[in-house]
$ cat input-v6.txt   # compact mmCIF, C-alpha atoms
# COMPACT_ATOMS: atom_id res chain seq x y z
CA MET Y 1 100.73 148.07 100.06
CA LYS Y 2 102.14 149.18 96.73
CA PHE Y 3 100.40 147.97 93.58
CA PRO Y 4 97.41 146.29 95.26
CA THR Y 5 95.80 145.20 92.00
CA LEU Y 6 98.90 143.23 91.00
CA ALA Y 7 98.48 141.25 94.21
CA THR Y 8 94.86 140.24 93.57
CA PRO Y 9 93.87 136.84 92.17
CA VAL Y 10 92.45 136.45 88.68
CA GLN Y 11 90.45 133.60 87.19
CA LEU Y 12 91.70 131.84 84.05
CA GLY Y 13 88.87 129.46 83.26
CA SER Y 14 88.86 126.92 86.10
CA LEU Y 15 92.31 128.01 87.26
CA THR Y 16 92.86 130.69 89.90
CA LEU Y 17 96.06 132.69 89.53
CA LYS Y 18 97.04 133.78 93.05
CA ASN Y 19 98.25 137.14 91.74
CA ARG Y 20 98.48 138.97 88.42
CA VAL Y 21 102.25 138.73 88.09
CA VAL Y 22 103.14 136.37 85.23
CA MET Y 23 106.68 135.11 84.73
CA ALA Y 24 107.66 135.40 81.08
CA SER Y 25 109.19 132.63 79.02
CA LEU Y 26 112.97 132.97 79.35
CA THR Y 27 115.46 130.84 77.44
CA ARG Y 28 118.16 129.87 79.94
CA ASN Y 29 120.01 127.06 78.14
CA ARG Y 30 120.28 124.77 81.18
CA ALA Y 31 118.73 121.47 80.02
CA SER Y 32 120.76 118.26 80.18
CA PRO Y 33 122.03 116.61 76.98
CA GLY Y 34 119.13 115.47 74.85
CA GLY Y 35 117.06 118.51 75.84
CA ILE Y 36 116.04 116.87 79.12
CA PRO Y 37 114.83 119.08 81.99
CA ASN Y 38 116.77 118.40 85.18
CA ASP Y 39 116.77 118.94 88.94
CA LEU Y 40 118.44 122.34 88.60
CA MET Y 41 115.65 123.52 86.32
CA ALA Y 42 113.07 122.24 88.80
CA LEU Y 43 114.76 124.29 91.53
CA TYR Y 44 114.85 127.39 89.30
CA TYR Y 45 111.15 127.22 88.55
CA SER Y 46 110.20 126.37 92.14
CA GLN Y 47 112.06 129.46 93.34
CA ARG Y 48 109.94 131.58 90.98
CA SER Y 49 106.65 129.97 91.93
CA THR Y 50 105.83 133.27 93.58
CA ALA Y 51 104.22 134.15 90.22
CA GLY Y 52 100.51 133.71 89.71
CA LEU Y 53 101.42 131.92 86.49
CA ILE Y 54 104.76 130.78 85.10
CA LEU Y 55 105.20 130.57 81.35
CA SER Y 56 107.93 128.03 80.72
CA GLU Y 57 110.91 128.75 78.55
CA GLY Y 58 110.33 127.83 74.92
CA ILE Y 59 110.06 124.05 74.53
CA PHE Y 60 111.03 122.44 71.22
CA ILE Y 61 108.59 120.10 69.48
CA GLU Y 62 111.35 118.27 67.58
CA GLU Y 63 115.15 118.24 67.50
CA ILE Y 64 116.04 121.74 66.33
CA GLY Y 65 119.44 123.33 65.76
CA GLY Y 66 119.00 126.73 67.34
CA GLU Y 67 121.59 129.12 68.71
CA TRP Y 68 121.07 127.68 72.21
CA LEU Y 69 121.89 123.98 72.18
CA ASN Y 70 120.71 123.23 75.72
CA ALA Y 71 117.14 124.38 75.26
CA PRO Y 72 114.65 121.70 76.38
CA GLY Y 73 112.27 119.64 74.27
CA ILE Y 74 109.04 117.75 74.84
CA PHE Y 75 109.16 115.03 72.17
CA THR Y 76 110.83 112.12 74.01
CA PRO Y 77 109.75 110.13 77.09
CA ALA Y 78 112.85 111.30 78.97
CA GLN Y 79 111.98 114.94 78.29
CA ILE Y 80 108.40 114.44 79.47
CA LYS Y 81 109.67 112.76 82.64
CA GLY Y 82 112.07 115.66 83.20
CA TRP Y 83 109.27 118.20 82.86
CA GLN Y 84 107.25 116.27 85.44
CA LYS Y 85 109.95 117.21 87.98
CA VAL Y 86 109.47 120.86 87.08
CA THR Y 87 105.68 120.90 87.15
CA ASN Y 88 105.60 118.99 90.43
CA ALA Y 89 107.97 121.52 91.99
CA VAL Y 90 105.83 124.43 90.83
CA HIS Y 91 102.62 122.86 92.09
CA GLU Y 92 104.19 122.04 95.45
CA ASN Y 93 104.81 125.78 95.77
CA ASN Y 94 101.20 126.71 95.00
CA SER Y 95 101.69 128.10 91.52
CA LEU Y 96 100.69 127.22 87.96
CA ILE Y 97 102.76 126.67 84.84
CA PHE Y 98 101.94 126.67 81.13
CA ALA Y 99 104.27 125.11 78.55
CA GLN Y 100 105.36 127.48 75.80
CA ILE Y 101 105.40 125.31 72.67
CA TRP Y 102 108.17 126.32 70.28
CA HIS Y 103 109.53 125.74 66.80
CA ILE Y 104 111.99 128.26 65.40
CA GLY Y 105 111.65 127.37 61.72
CA ARG Y 106 113.99 129.32 59.44
CA VAL Y 107 116.22 130.63 62.24
CA ALA Y 108 117.65 127.17 62.95
CA HIS Y 109 120.88 126.02 61.29
CA PRO Y 110 121.27 122.67 59.48
CA HIS Y 111 124.74 122.11 60.96
CA HIS Y 112 123.18 122.04 64.42
CA GLN Y 113 120.57 119.43 63.46
CA ALA Y 114 122.57 116.67 61.79
CA GLY Y 115 122.32 118.31 58.36
CA ARG Y 116 118.53 118.41 58.24
CA PRO Y 117 117.43 121.63 56.56
CA ASN Y 118 115.91 124.48 58.47
CA VAL Y 119 112.31 124.91 57.39
CA ALA Y 120 109.88 127.75 56.82
CA PRO Y 121 106.71 128.56 54.90
CA SER Y 122 108.87 129.82 52.02
CA ALA Y 123 112.50 129.94 50.92
CA VAL Y 124 113.08 133.40 52.41
CA LYS Y 125 116.19 133.82 54.55
CA ALA Y 126 116.12 135.91 57.70
CA GLU Y 127 118.85 138.52 57.87
CA GLY Y 128 121.21 138.38 60.84
CA GLY Y 129 121.77 135.59 63.32
CA LYS Y 130 124.98 134.34 64.87
CA PHE Y 131 125.62 130.66 65.46
CA ARG Y 132 128.56 131.25 67.75
CA LEU Y 133 129.38 127.56 68.21
CA LEU Y 134 129.89 126.96 64.47
CA GLU Y 135 133.15 127.81 62.75
CA GLY Y 136 133.10 131.43 61.65
CA ALA Y 137 129.89 132.12 63.64
CA PRO Y 138 127.69 132.13 60.51
CA GLY Y 139 124.29 133.79 60.32
CA TYR Y 140 120.94 132.51 59.13
CA VAL Y 141 120.65 130.47 55.94
CA THR Y 142 117.91 130.06 53.35
CA PRO Y 143 115.28 127.60 54.60
CA THR Y 144 113.55 124.76 52.78
CA PRO Y 145 109.82 125.41 52.25
CA ILE Y 146 107.54 123.11 54.21
CA GLU Y 147 105.73 120.85 51.76
CA ASP Y 148 102.73 120.06 53.95
CA PRO Y 149 102.16 122.41 56.92
CA SER Y 150 99.53 120.06 58.34
CA HIS Y 151 102.43 117.74 59.27
CA TYR Y 152 103.74 120.45 61.58
CA VAL Y 153 100.28 121.14 62.97
CA GLU Y 154 100.21 117.50 63.99
CA MET Y 155 103.66 117.85 65.57
CA TYR Y 156 102.35 120.75 67.65
CA ARG Y 157 99.33 118.63 68.61
CA GLN Y 158 101.62 115.89 69.88
CA ALA Y 159 103.57 118.44 71.91
CA ALA Y 160 100.36 119.69 73.53
CA ARG Y 161 99.48 116.10 74.41
CA ALA Y 162 102.95 115.59 75.89
CA ALA Y 163 102.64 118.79 77.92
CA LYS Y 164 99.46 117.46 79.48
CA GLU Y 165 101.23 114.21 80.34
CA ALA Y 166 104.10 116.21 81.84
CA GLY Y 167 101.74 117.89 84.29
CA PHE Y 168 101.54 121.39 82.85
CA ASP Y 169 98.40 123.39 83.57
CA GLY Y 170 98.05 124.53 79.97
CA VAL Y 171 99.94 125.38 76.79
CA GLU Y 172 100.96 128.58 75.04
CA LEU Y 173 101.72 128.76 71.33
CA HIS Y 174 104.82 130.84 70.72
CA ALA Y 175 103.64 132.70 67.62
CA ALA Y 176 105.93 135.69 68.14
CA ASN Y 177 109.54 136.84 67.73
CA GLY Y 178 110.09 135.50 64.24
CA TYR Y 179 109.59 131.79 64.98
CA LEU Y 180 107.72 129.35 62.75
CA PRO Y 181 104.08 130.41 63.35
CA HIS Y 182 105.11 134.06 63.05
CA GLN Y 183 106.85 133.26 59.76
CA PHE Y 184 103.53 132.01 58.39
CA LEU Y 185 101.73 135.19 59.49
CA GLU Y 186 103.85 137.82 57.77
CA SER Y 187 103.72 138.58 54.07
CA HIS Y 188 107.47 139.07 53.64
CA SER Y 189 108.31 135.62 55.07
CA ASN Y 190 105.31 133.72 53.66
CA LYS Y 191 105.24 133.77 49.85
CA ARG Y 192 103.04 130.68 49.47
CA THR Y 193 100.30 130.59 46.86
CA ASP Y 194 98.41 127.61 48.32
CA ALA Y 195 95.85 127.48 51.15
CA TRP Y 196 98.57 128.41 53.69
CA GLY Y 197 99.57 131.76 52.19
CA GLY Y 198 98.55 134.76 50.15
CA SER Y 199 95.49 136.24 51.87
CA VAL Y 200 95.23 137.39 55.47
CA GLU Y 201 92.95 134.41 56.12
CA ASN Y 202 95.34 131.89 54.57
CA ARG Y 203 98.37 133.26 56.40
CA SER Y 204 96.44 132.89 59.66
CA ARG Y 205 95.54 129.27 58.96
CA PHE Y 206 98.68 127.68 60.41
CA VAL Y 207 98.28 129.45 63.77
CA LEU Y 208 94.54 128.84 63.97
CA GLU Y 209 94.86 125.15 63.10
CA ILE Y 210 97.47 124.71 65.84
CA ILE Y 211 95.30 126.47 68.40
CA LYS Y 212 92.33 124.28 67.46
CA ALA Y 213 94.56 121.21 67.86
CA PHE Y 214 95.66 122.43 71.30
CA ILE Y 215 92.05 122.90 72.37
CA ALA Y 216 91.14 119.43 71.12
CA GLU Y 217 93.98 117.83 73.06
CA TRP Y 218 93.26 119.66 76.30
CA GLY Y 219 89.46 119.57 76.05
CA ASP Y 220 89.29 123.05 77.57
CA SER Y 221 89.89 126.17 75.48
CA LYS Y 222 90.84 128.14 78.60
CA ARG Y 223 93.95 125.97 79.02
CA VAL Y 224 95.33 127.44 75.78
CA GLY Y 225 97.09 130.77 75.27
CA ILE Y 226 99.15 132.47 72.58
CA LYS Y 227 101.96 135.02 72.36
CA LEU Y 228 101.97 137.57 69.53
CA THR Y 229 104.32 140.39 68.46
CA PRO Y 230 102.43 142.32 65.76
CA ALA Y 231 105.09 145.05 65.56
CA GLY Y 232 107.83 142.55 64.73
CA GLY Y 233 111.38 143.60 65.47
CA TYR Y 234 113.15 140.31 66.21
CA ASN Y 235 114.65 137.72 63.89
CA ASP Y 236 114.10 140.05 60.93
CA MET Y 237 110.34 140.29 61.31
CA GLY Y 238 107.91 143.15 60.78
CA ASP Y 239 105.34 143.87 58.10
CA SER Y 240 104.16 147.40 57.29
CA GLU Y 241 101.75 148.95 59.75
CA GLU Y 242 98.91 148.62 57.28
CA ASP Y 243 99.60 144.95 56.56
CA ALA Y 244 100.19 144.10 60.22
CA ARG Y 245 97.00 145.86 61.27
CA LYS Y 246 94.95 143.85 58.78
CA GLN Y 247 96.68 140.57 59.60
CA TYR Y 248 96.45 140.78 63.36
CA THR Y 249 92.98 142.30 63.45
CA TYR Y 250 91.68 139.22 61.63
CA LEU Y 251 93.82 136.77 63.62
CA ILE Y 252 93.00 138.17 67.05
CA GLN Y 253 89.27 138.28 66.33
CA GLU Y 254 89.39 134.65 65.17
CA LEU Y 255 91.40 133.60 68.23
CA ASP Y 256 88.92 135.35 70.50
CA LYS Y 257 86.05 133.46 68.87
CA LEU Y 258 87.76 130.22 69.96
CA ASP Y 259 87.41 131.36 73.60
CA ILE Y 260 91.04 130.70 74.49
CA GLY Y 261 92.37 131.49 77.93
CA TYR Y 262 94.56 134.47 77.14
CA ILE Y 263 96.31 136.43 74.45
CA GLN Y 264 99.76 137.67 75.42
CA LEU Y 265 100.55 140.86 73.53
CA SER Y 266 104.23 141.76 73.34
CA GLN Y 267 105.51 145.05 72.00
CA GLY Y 268 108.58 143.27 70.63
CA PHE Y 269 112.07 144.66 70.13
CA PRO Y 270 113.38 147.80 68.43
CA HIS Y 271 114.69 146.85 64.99
CA PRO Y 272 114.87 148.56 61.59
CA ARG Y 273 112.28 146.09 60.33
CA ALA Y 274 109.79 146.69 63.14
CA ASN Y 275 106.71 148.79 62.47
CA ASN Y 276 105.44 151.56 64.76
CA LEU Y 277 102.23 149.97 65.97
CA VAL Y 278 101.55 150.46 69.68
CA VAL Y 279 100.45 146.89 70.13
CA LEU Y 280 98.36 147.15 73.28
CA ASP Y 281 96.45 150.22 72.14
CA GLU Y 282 95.93 148.80 68.66
CA PHE Y 283 94.64 145.34 69.55
CA ARG Y 284 93.35 145.40 73.15
CA PRO Y 285 89.94 146.73 72.02
CA LEU Y 286 89.43 143.64 69.84
CA ILE Y 287 89.68 141.13 72.69
CA LYS Y 288 86.32 140.42 74.31
CA ASN Y 289 86.60 136.87 75.70
CA ALA Y 290 90.26 136.02 76.39
CA LEU Y 291 92.29 137.49 79.22
CA VAL Y 292 94.83 140.06 78.07
CA PHE Y 293 98.43 139.67 79.24
CA ASN Y 294 100.79 142.55 78.45
CA ASN Y 295 104.51 141.97 77.95
CA ALA Y 296 106.26 145.26 77.27
CA GLY Y 297 109.16 145.82 79.65
CA LEU Y 298 106.72 146.86 82.37
CA THR Y 299 107.49 148.48 85.70
CA GLY Y 300 105.29 147.87 88.70
CA GLU Y 301 103.79 151.36 88.32
CA VAL Y 302 102.85 150.90 84.67
CA ALA Y 303 101.51 147.39 85.27
CA GLU Y 304 99.29 148.62 88.13
CA ASP Y 305 97.97 151.44 85.99
CA GLN Y 306 97.21 149.14 83.07
CA LEU Y 307 95.46 146.63 85.35
CA ASN Y 308 93.19 149.51 86.34
CA GLY Y 309 92.64 150.62 82.76
CA LYS Y 310 94.78 153.74 82.95
CA GLY Y 311 96.56 154.63 79.75
CA VAL Y 312 95.06 151.66 77.93
CA GLN Y 313 92.60 151.90 75.07
CA GLY Y 314 89.77 149.39 75.09
CA GLY Y 315 89.89 148.21 78.68
CA PRO Y 316 92.33 147.06 81.34
CA ILE Y 317 94.81 144.23 81.05
CA HIS Y 318 94.26 141.20 83.27
CA ALA Y 319 97.86 140.29 84.12
CA ALA Y 320 101.33 141.74 83.65
CA VAL Y 321 104.20 139.69 82.23
CA PHE Y 322 107.69 140.24 83.68
CA GLY Y 323 110.80 138.72 82.12
CA ARG Y 324 114.33 139.69 83.11
CA ALA Y 325 113.16 141.12 86.42
CA TYR Y 326 112.28 137.56 87.42
CA ILE Y 327 115.84 136.33 86.86
CA GLY Y 328 117.37 138.35 89.70
CA ASN Y 329 114.22 138.57 91.81
CA PRO Y 330 112.63 135.15 92.35
CA ASN Y 331 110.27 136.79 94.87
CA LEU Y 332 109.24 139.51 92.43
CA PRO Y 333 105.60 139.86 93.56
CA GLU Y 334 106.78 140.56 97.13
CA VAL Y 335 109.44 142.98 95.85
CA LEU Y 336 106.78 144.89 93.95
CA ARG Y 337 104.27 144.74 96.81
CA THR Y 338 106.69 146.21 99.34
CA GLY Y 339 108.35 148.70 97.04
CA ALA Y 340 111.75 147.08 97.51
CA GLU Y 341 114.48 147.54 94.92
CA VAL Y 342 114.17 145.36 91.81
CA LYS Y 343 117.66 143.90 91.56
CA ASN Y 344 119.47 143.67 88.24
CA SER Y 345 120.67 140.31 86.95
CA ASP Y 346 123.97 139.55 85.24
CA TYR Y 347 123.37 139.33 81.50
CA THR Y 348 126.66 137.49 80.94
CA LEU Y 349 125.24 134.56 82.95
CA TYR Y 350 121.88 134.28 81.18
CA TYR Y 351 122.94 131.44 78.87
CA ASP Y 352 126.61 130.46 79.16
CA THR Y 353 127.89 129.21 82.52
CA ALA Y 354 129.49 125.91 81.57
CA ASP Y 355 131.65 125.82 84.70
CA ASP Y 356 128.68 126.01 87.08
CA LEU Y 357 125.15 126.01 85.66
CA SER Y 358 123.71 127.34 88.92
CA ARG Y 359 125.56 130.66 88.54
CA GLY Y 360 123.20 133.39 87.49
CA TYR Y 361 120.37 130.86 87.60
CA THR Y 362 119.45 129.59 91.05
CA ASP Y 363 121.82 131.68 93.18
CA TYR Y 364 119.82 134.93 93.31

$ encode --input "input-v6.txt" --output "structure tokens"
Amino acid sequence: MKFPTLATPVQLGSLTLKNRVVMASLTRNRASPGGIPNDLMALYYSQRSTAGLILSEGIFIEEIGGEWLNAPGIFTPAQIKGWQKVTNAVHENNSLIFAQIWHIGRVAHPHHQAGRPNVAPSAVKAEGGKFRLLEGAPGYVTPTPIEDPSHYVEMYRQAARAAKEAGFDGVELHAANGYLPHQFLESHSNKRTDAWGGSVENRSRFVLEIIKAFIAEWGDSKRVGIKLTPAGGYNDMGDSEEDARKQYTYLIQELDKLDIGYIQLSQGFPHPRANNLVVLDEFRPLIKNALVFNNAGLTGEVAEDQLNGKGVQGGPIHAAVFGRAYIGNPNLPEVLRTGAEVKNSDYTLYYDTADDLSRGYTDY
């Protein structure tokens, strides 16, 4: 058997992951109008229930005008009912699924959300973006500062409650990749002078308050995880190495004190704004209680080594997160176990297949 450690179970609180292969959150833009999960999505996730744990695609907590208009939500009864189809399908195939709870903040566009402003901790525009469905394919626009962040903490709490109703096994806060929680964390995107900005502690408050709300709703801290990208590199994010080291050292230590289920560390994307921190080496030694999931474009060989503590400072990882490899290889754990070829998927079909939504989705 190749990669025997990847094939072993791992305990996440009261949950047993049947293997250490985690399916990453992957936006696929296949929800029905109104952001409602559908039968095709249930089939897609059931096919990939070979994973020890599935992390759902990002799920919106309110109507948000992102670049992908068919991303699902979890703020209406119809959406919750749709997700029940998905979670039932995953459970019928002996796997587990966490809901990745998502708000994109300043990288939304008002014209995609009935004129409501995009929001952020501060009126700082992200550079870049391309809203291809709007005339002229404009980029990001300056957001409106959030007056009371506690209102959004409550919105996240309601989403966690809805995820429980929808049958998910837990929730993950998407605090990475330049989305709203990440915007609160970084000094260049958070210019607030109140209790939600300024110091490292204040910039961490939004994330920590959401995590505490998740734990309160679920009644079990191990049913809560988080995704972080301390090196930045996406959606115009990335503080200096010194600032990022201070920020994430404090945040990760505080998260670990809350005894959450896991911390997913992602190396992020190459970008002029990204810093040069090697995320796993920098922050793995700080994590004493949570499981450590690594998401860094892993191969089976590297994942197996890291699960055994090779090439990792501060201890082994507990599970390996695979993203695009899961699109074209629904049976990825078996592919890795047998040493079979990991098939490539067609990037042109990741998001836009209006003629037949199953193409590049459920036909691998």

$ atom_distance --input "input-v6.txt" --atom1 "atom CA of Y:Glu341" --atom2 "atom CA of Y:Thr8"
21.0 Å

$ atom_distance --input "input-v6.txt" --atom1 "atom CA of Y:Phe206" --atom2 "atom CA of Y:Asp243"
17.7 Å

$ atom_distance --input "input-v6.txt" --atom1 "atom CA of Y:Ala195" --atom2 "atom CA of Y:Met155"
19.0 Å

$ residues_around --input "input-v6.txt" --residues "stretch 9-24 of chain Y" --least-positions-apart "4" --cutoff "8 Å" --atoms "all atoms listed in the file" --output "list of chain:residue names"
Y:Thr5, Y:Arg48, Y:Ala51, Y:Gly52, Y:Leu53, Y:Ile54, Y:Leu55, Y:Ser56, Y:Glu57, Y:Ser95, Y:Leu96, Y:Lys222, Y:Arg223, Y:Gly261, Y:Tyr262, Y:Leu291, Y:Asn295, Y:His318, Y:Ala319, Y:Ala320, Y:Val321, Y:Phe322, Y:Gly323, Y:Tyr326, Y:Pro333

$ closest_residue --input "input-v6.txt" --among "Y:Asp236, Y:Glu201, Y:Asp305, Y:Glu63" --to "Y:Gly115" --atoms "all atoms listed in the file"
Y:Glu63

$ residues_near_point --input "input-v6.txt" --point "(120.4, 128.6, 88.0)" --cutoff "12 Å" --atoms "only C-alpha atoms" --output "PyMOL selection string"
chain Y and resi 27-31+38-48+327-328+330+345-346+349-354+356-364

$ residues_around --input "input-v6.txt" --residues "Y:Gly315" --least-positions-apart "2" --cutoff "12 Å" --atoms "only C-alpha atoms" --output "PyMOL selection string"
chain Y and resi 280-288+291-292+305-313+317-318

$ write_last_selection --input "input-v6.txt" --atoms "C-alpha atoms" --output "mmCIF file, keeping the file's coordinate frame"
data_model
loop_
_atom_site.group_PDB
_atom_site.id
_atom_site.type_symbol
_atom_site.label_atom_id
_atom_site.label_comp_id
_atom_site.auth_asym_id
_atom_site.auth_seq_id
_atom_site.Cartn_x
_atom_site.Cartn_y
_atom_site.Cartn_z
ATOM 1 C CA LEU Y 280 98.360 147.150 73.280
ATOM 2 C CA ASP Y 281 96.450 150.220 72.140
ATOM 3 C CA GLU Y 282 95.930 148.800 68.660
ATOM 4 C CA PHE Y 283 94.640 145.340 69.550
ATOM 5 C CA ARG Y 284 93.350 145.400 73.150
ATOM 6 C CA PRO Y 285 89.940 146.730 72.020
ATOM 7 C CA LEU Y 286 89.430 143.640 69.840
ATOM 8 C CA ILE Y 287 89.680 141.130 72.690
ATOM 9 C CA LYS Y 288 86.320 140.420 74.310
ATOM 10 C CA LEU Y 291 92.290 137.490 79.220
ATOM 11 C CA VAL Y 292 94.830 140.060 78.070
ATOM 12 C CA ASP Y 305 97.970 151.440 85.990
ATOM 13 C CA GLN Y 306 97.210 149.140 83.070
ATOM 14 C CA LEU Y 307 95.460 146.630 85.350
ATOM 15 C CA ASN Y 308 93.190 149.510 86.340
ATOM 16 C CA GLY Y 309 92.640 150.620 82.760
ATOM 17 C CA LYS Y 310 94.780 153.740 82.950
ATOM 18 C CA GLY Y 311 96.560 154.630 79.750
ATOM 19 C CA VAL Y 312 95.060 151.660 77.930
ATOM 20 C CA GLN Y 313 92.600 151.900 75.070
ATOM 21 C CA ILE Y 317 94.810 144.230 81.050
ATOM 22 C CA HIS Y 318 94.260 141.200 83.270
#

$ closest_residue --input "input-v6.txt" --among "Y:Ile97, Y:Val335, Y:Ala162, Y:Val342" --to "Y:Gly73" --atoms "all atoms listed in the file"
Y:Ala162

$ decode --input "input-v6.txt" --residues "stretch 251-259 of chain Y" --atoms "all heavy atoms" --output "PDB file, in the first residue's frame"
ATOM      1  N   LEU Y 251      -3.374  35.150  17.304  1.00  0.00           N
ATOM      2  CA  LEU Y 251      -4.665  34.565  16.935  1.00  0.00           C
ATOM      3  C   LEU Y 251      -4.662  33.052  17.114  1.00  0.00           C
ATOM      4  O   LEU Y 251      -5.600  32.485  17.705  1.00  0.00           O
ATOM      5  CB  LEU Y 251      -5.011  34.922  15.487  1.00  0.00           C
ATOM      6  CG  LEU Y 251      -6.296  34.301  14.949  1.00  0.00           C
ATOM      7  CD1 LEU Y 251      -7.512  34.821  15.694  1.00  0.00           C
ATOM      8  CD2 LEU Y 251      -6.427  34.546  13.453  1.00  0.00           C
ATOM      9  N   ILE Y 252      -3.645  32.389  16.612  1.00  0.00           N
ATOM     10  CA  ILE Y 252      -3.614  30.926  16.671  1.00  0.00           C
ATOM     11  C   ILE Y 252      -3.535  30.437  18.112  1.00  0.00           C
ATOM     12  O   ILE Y 252      -4.196  29.458  18.496  1.00  0.00           O
ATOM     13  CB  ILE Y 252      -2.462  30.389  15.804  1.00  0.00           C
ATOM     14  CG1 ILE Y 252      -2.842  30.544  14.319  1.00  0.00           C
ATOM     15  CG2 ILE Y 252      -2.150  28.930  16.126  1.00  0.00           C
ATOM     16  CD1 ILE Y 252      -1.717  30.266  13.352  1.00  0.00           C
ATOM     17  N   GLN Y 253      -2.766  31.110  18.942  1.00  0.00           N
ATOM     18  CA  GLN Y 253      -2.702  30.715  20.351  1.00  0.00           C
ATOM     19  C   GLN Y 253      -4.055  30.895  21.035  1.00  0.00           C
ATOM     20  O   GLN Y 253      -4.469  30.057  21.851  1.00  0.00           O
ATOM     21  CB  GLN Y 253      -1.615  31.509  21.067  1.00  0.00           C
ATOM     22  CG  GLN Y 253      -0.205  31.096  20.650  1.00  0.00           C
ATOM     23  CD  GLN Y 253       0.881  31.958  21.272  1.00  0.00           C
ATOM     24  OE1 GLN Y 253       0.671  33.142  21.535  1.00  0.00           O
ATOM     25  NE2 GLN Y 253       2.041  31.377  21.493  1.00  0.00           N
ATOM     26  N   GLU Y 254      -4.767  31.972  20.702  1.00  0.00           N
ATOM     27  CA  GLU Y 254      -6.098  32.184  21.283  1.00  0.00           C
ATOM     28  C   GLU Y 254      -7.102  31.162  20.766  1.00  0.00           C
ATOM     29  O   GLU Y 254      -7.944  30.656  21.529  1.00  0.00           O
ATOM     30  CB  GLU Y 254      -6.572  33.613  20.987  1.00  0.00           C
ATOM     31  CG  GLU Y 254      -5.785  34.694  21.700  1.00  0.00           C
ATOM     32  CD  GLU Y 254      -5.828  34.553  23.207  1.00  0.00           C
ATOM     33  OE1 GLU Y 254      -6.946  34.482  23.758  1.00  0.00           O
ATOM     34  OE2 GLU Y 254      -4.752  34.499  23.834  1.00  0.00           O
ATOM     35  N   LEU Y 255      -7.036  30.830  19.494  1.00  0.00           N
ATOM     36  CA  LEU Y 255      -7.914  29.805  18.934  1.00  0.00           C
ATOM     37  C   LEU Y 255      -7.662  28.459  19.607  1.00  0.00           C
ATOM     38  O   LEU Y 255      -8.600  27.719  19.928  1.00  0.00           O
ATOM     39  CB  LEU Y 255      -7.688  29.681  17.424  1.00  0.00           C
ATOM     40  CG  LEU Y 255      -8.192  30.827  16.546  1.00  0.00           C
ATOM     41  CD1 LEU Y 255      -7.617  30.717  15.148  1.00  0.00           C
ATOM     42  CD2 LEU Y 255      -9.727  30.844  16.499  1.00  0.00           C
ATOM     43  N   ASP Y 256      -6.392  28.145  19.825  1.00  0.00           N
ATOM     44  CA  ASP Y 256      -6.062  26.857  20.417  1.00  0.00           C
ATOM     45  C   ASP Y 256      -6.553  26.760  21.862  1.00  0.00           C
ATOM     46  O   ASP Y 256      -6.911  25.683  22.334  1.00  0.00           O
ATOM     47  CB  ASP Y 256      -4.548  26.637  20.344  1.00  0.00           C
ATOM     48  CG  ASP Y 256      -4.180  25.168  20.268  1.00  0.00           C
ATOM     49  OD1 ASP Y 256      -4.919  24.401  19.620  1.00  0.00           O
ATOM     50  OD2 ASP Y 256      -3.161  24.779  20.858  1.00  0.00           O
ATOM     51  N   LYS Y 257      -6.584  27.897  22.547  1.00  0.00           N
ATOM     52  CA  LYS Y 257      -7.124  27.909  23.917  1.00  0.00           C
ATOM     53  C   LYS Y 257      -8.614  27.566  23.935  1.00  0.00           C
ATOM     54  O   LYS Y 257      -9.135  27.061  24.940  1.00  0.00           O
ATOM     55  CB  LYS Y 257      -6.929  29.281  24.555  1.00  0.00           C
ATOM     56  CG  LYS Y 257      -5.479  29.631  24.886  1.00  0.00           C
ATOM     57  CD  LYS Y 257      -5.395  31.061  25.407  1.00  0.00           C
ATOM     58  CE  LYS Y 257      -3.961  31.503  25.615  1.00  0.00           C
ATOM     59  NZ  LYS Y 257      -3.878  32.947  26.015  1.00  0.00           N
ATOM     60  N   LEU Y 258      -9.308  27.844  22.830  1.00  0.00           N
ATOM     61  CA  LEU Y 258     -10.745  27.557  22.750  1.00  0.00           C
ATOM     62  C   LEU Y 258     -11.023  26.085  22.450  1.00  0.00           C
ATOM     63  O   LEU Y 258     -12.179  25.678  22.396  1.00  0.00           O
ATOM     64  CB  LEU Y 258     -11.393  28.444  21.692  1.00  0.00           C
ATOM     65  CG  LEU Y 258     -11.372  29.950  21.994  1.00  0.00           C
ATOM     66  CD1 LEU Y 258     -11.906  30.751  20.798  1.00  0.00           C
ATOM     67  CD2 LEU Y 258     -12.180  30.267  23.245  1.00  0.00           C
ATOM     68  N   ASP Y 259      -9.960  25.304  22.231  1.00  0.00           N
ATOM     69  CA  ASP Y 259     -10.070  23.852  22.053  1.00  0.00           C
ATOM     70  C   ASP Y 259     -10.931  23.484  20.846  1.00  0.00           C
ATOM     71  O   ASP Y 259     -11.722  22.543  20.889  1.00  0.00           O
ATOM     72  CB  ASP Y 259     -10.632  23.202  23.321  1.00  0.00           C
ATOM     73  CG  ASP Y 259     -10.345  21.700  23.386  1.00  0.00           C
ATOM     74  OD1 ASP Y 259      -9.294  21.285  22.870  1.00  0.00           O
ATOM     75  OD2 ASP Y 259     -11.185  20.957  23.935  1.00  0.00           O
TER      76      ASP Y 259
END
